[in-house]
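> Below you'll find the structure I mean.
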Amino acid sequence: MCFEQRSLLSFALNTCNAENPNCHASKLQVQILGSGGPELTINRASSSYLVWLNGKAIVLVDAGGGSSFRYGQSMAEWKDLKTVLFTHFHADHSGDFAAMIKASWFGERQENLPVFGPYGNNFMPSTTEFITALFGHNSGGFKYLSDFYDHKDEIASYRLIPHDIQNSKHTHEIFQDNDINIFALQVQHGPIPAFAYVIKSCNKTLVFSGDTNGIGFENLTLEKTDLFIAHNAIPENAGPIAKSLHMTPTQIGKIAQQLKVEKLILSHRMNRTLGKEFQSTENIKKYFHGTIKFADDLDKY
Ligand SMILES: [Zn+2]
């Protein structure tokens, strides 16, 4: 058994994929496709990330506006993706997904593509409802692309397989293969169903916060986090509504300390945090003493 889950509040993740021959001299990287938030800016796509292993982009996390263009610039191949993860379905995290699916018609993907994301509630569709609303052959907004989902003609070379991650306080594994283990952690983002993701590969651990006010991370303890991609969407003195949706720099610092982070990448940069990097860094440093980087589109770590 490659994986072991211990207690509910404090769990350790053990995987066997360090023994995988792919792990010898392996190179695990995160590329920022979109370092911005929902604002339209001259140089930032909305939220989106690629996880690269040994020169192949194997996981896409979110697909906000502009990210399909950045995907093309990254030179990643759609056929190499093992899975797509959505942290939640705000447009700045999902708006370019249909463009990517259309573009993939011109690619070489043959294997079905699992898509993971949250359950639904009164504010948001579930992942299955979201995919159906886009591509369902009856009434999808892009039903001309329904061959990628539920149309029986099968002109497309693969299908999207949506998975709804359920409402749970317990961090749990959602995807595993020889190279990678992916765990979902439910986090609070106002009333929107939202998940953070822990990705382990070749003894490295990546954590993607997604959009969250930080509640939920108290359920996660890690022995070491190599890279924590956290969303720096608000300044320290933000108002109560913004704080109900996003983490302050002080909260990011506390979580980074708790997760034993080595390198912290601050993304989802917005007009209200741009220009405040010094203050944000000072507040984070009250708790976190590792490396801090501010993300720009197409950066690779
Ligand atoms: Zn967002």
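Chains: A, B, ... in order of the structure tokens. Residues: from 1 per chain. Ligands: from 1, in order shown.
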12 Å from ligand 1 is the threshold here; counting only C-alpha atoms and all ligand atoms, which polymer residues fall inside it? Answer as JSON, numbers by chain.
{"A": [34, 35, 36, 37, 38, 39, 45, 46, 47, 48, 62, 63, 64, 65, 86, 87, 88, 89, 90, 91, 92, 93, 94, 95, 189, 190, 192, 194, 209, 210, 211, 212, 213, 230, 231, 232, 233, 234, 242, 245, 246, 247, 267, 268, 269, 270]}
> Where does DSSP see helix (DSSP H, G or I) in stretch 52-199 of chain A, if you list the residues as an NGL selection string?
:A and (67-74 or 78-80 or 91-94 or 97-104 or 127-135 or 143-148)
> Using only C-alpha atoms, find the one residue out of A:Arg272, A:Arg44, A:His151, A:Lys260 that sits nearest to A:Thr221.
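Looking only at the distances to A:Thr221, the closest residue turns out to be A:Lys260.
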> Please provide as a ChimeraX atom specification all residues within 6 Å of A:Val51, with the sequence filter that same-chain residues fewer than 6 positions apart are discarded (counting only C-alpha atoms).
/A:29-30,57-59
> Which residue gives the smallest distance to A:Asp179 among A:Asn271, A:Ser201, A:Ser26, A:Ser280, with only C-alpha atoms counted?
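Among A:Asn271, A:Ser201, A:Ser26, A:Ser280, it is A:Ser201 that comes nearest to A:Asp179.
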> Using Å and a single decimal, report how far atom CA of A:Glu262 sits from atom CA of A:Glu223.
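Interatomic distance here is 11.2 Å.
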> Separation of atom CA of A:Glu77 and atom CA of A:Asp297, in Å?
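One can read the atom CA of A:Glu77 to atom CA of A:Asp297 distance as 17.9 Å.
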> When you draw a straight line from atom CA of A:Lys27 to atom CA of A:Phe217, how long is it in Å?
27.2 Å
> DSSP on the backbone: which residues in stretch 21-87 of chain A end up as strand (DSSP E)? Give the answer as a list of chain:residue names.
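Strand (DSSP E) members of stretch 21-87 of chain A, listed: A:Leu28, A:Gln29, A:Val30, A:Gln31, A:Ile32, A:Leu33, A:Gly34, A:Ser48, A:Tyr49, A:Leu50, A:Val51, A:Trp52, A:Leu53, A:Lys56, A:Ala57, A:Ile58, A:Val59, A:Leu60, A:Val61, A:Thr83, A:Val84, A:Leu85.
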> Please produce a file of the residues just selected, as a JSON list (two decimals), in the first residue's frame, where the atoms kept are C-alpha atoms.

```
[["chain", "number", "residue", "atom", "x", "y", "z"],
["A", 28, "LEU", "CA", 8.73, 18.38, -10.68],
["A", 29, "GLN", "CA", 7.76, 21.96, -11.47],
["A", 30, "VAL", "CA", 4.80, 24.28, -11.19],
["A", 31, "GLN", "CA", 4.14, 26.76, -13.97],
["A", 32, "ILE", "CA", 1.96, 29.79, -13.47],
["A", 33, "LEU", "CA", -0.42, 30.17, -16.42],
["A", 34, "GLY", "CA", -2.44, 32.88, -14.73],
["A", 48, "SER", "CA", -4.44, 28.71, -13.68],
["A", 49, "TYR", "CA", -1.44, 26.43, -13.05],
["A", 50, "LEU", "CA", 0.34, 23.49, -14.64],
["A", 51, "VAL", "CA", 2.24, 20.78, -12.79],
["A", 52, "TRP", "CA", 5.12, 19.50, -14.89],
["A", 53, "LEU", "CA", 6.88, 16.18, -14.29],
["A", 56, "LYS", "CA", 5.34, 16.81, -19.42],
["A", 57, "ALA", "CA", 2.49, 18.92, -18.03],
["A", 58, "ILE", "CA", 0.43, 16.33, -16.16],
["A", 59, "VAL", "CA", -2.03, 18.36, -14.06],
["A", 60, "LEU", "CA", -3.96, 21.53, -14.84],
["A", 61, "VAL", "CA", -5.28, 23.41, -11.79],
["A", 83, "THR", "CA", -6.29, 15.24, -14.80],
["A", 84, "VAL", "CA", -7.83, 18.70, -14.46],
["A", 85, "LEU", "CA", -8.58, 20.09, -10.99]]
```
> Residues at most 12 Å from A:Ala156, counting only C-alpha atoms, excluding those fewer than 2 positions away in the same chain, as a PyMOL selection string?
chain A and resi 101-112+144-154+158-160
> Residues near A:Asn167, anyone? I mean within 9 Å using only C-alpha atoms, not counting same-chain ones fewer than 5 positions away, as number ranges by chain.
A: 118-119, 186, 193
> If we count only C-alpha atoms, what is near A:Phe183 at a cut-off of 9 Å, once residues fewer than 5 positions away on the same chain are taken out, given as a list of chain:residue names?
A:Thr171, A:His172, A:Glu173, A:Ile174, A:Phe175, A:Ala196, A:Tyr197, A:Val198, A:Ile199, A:Lys200
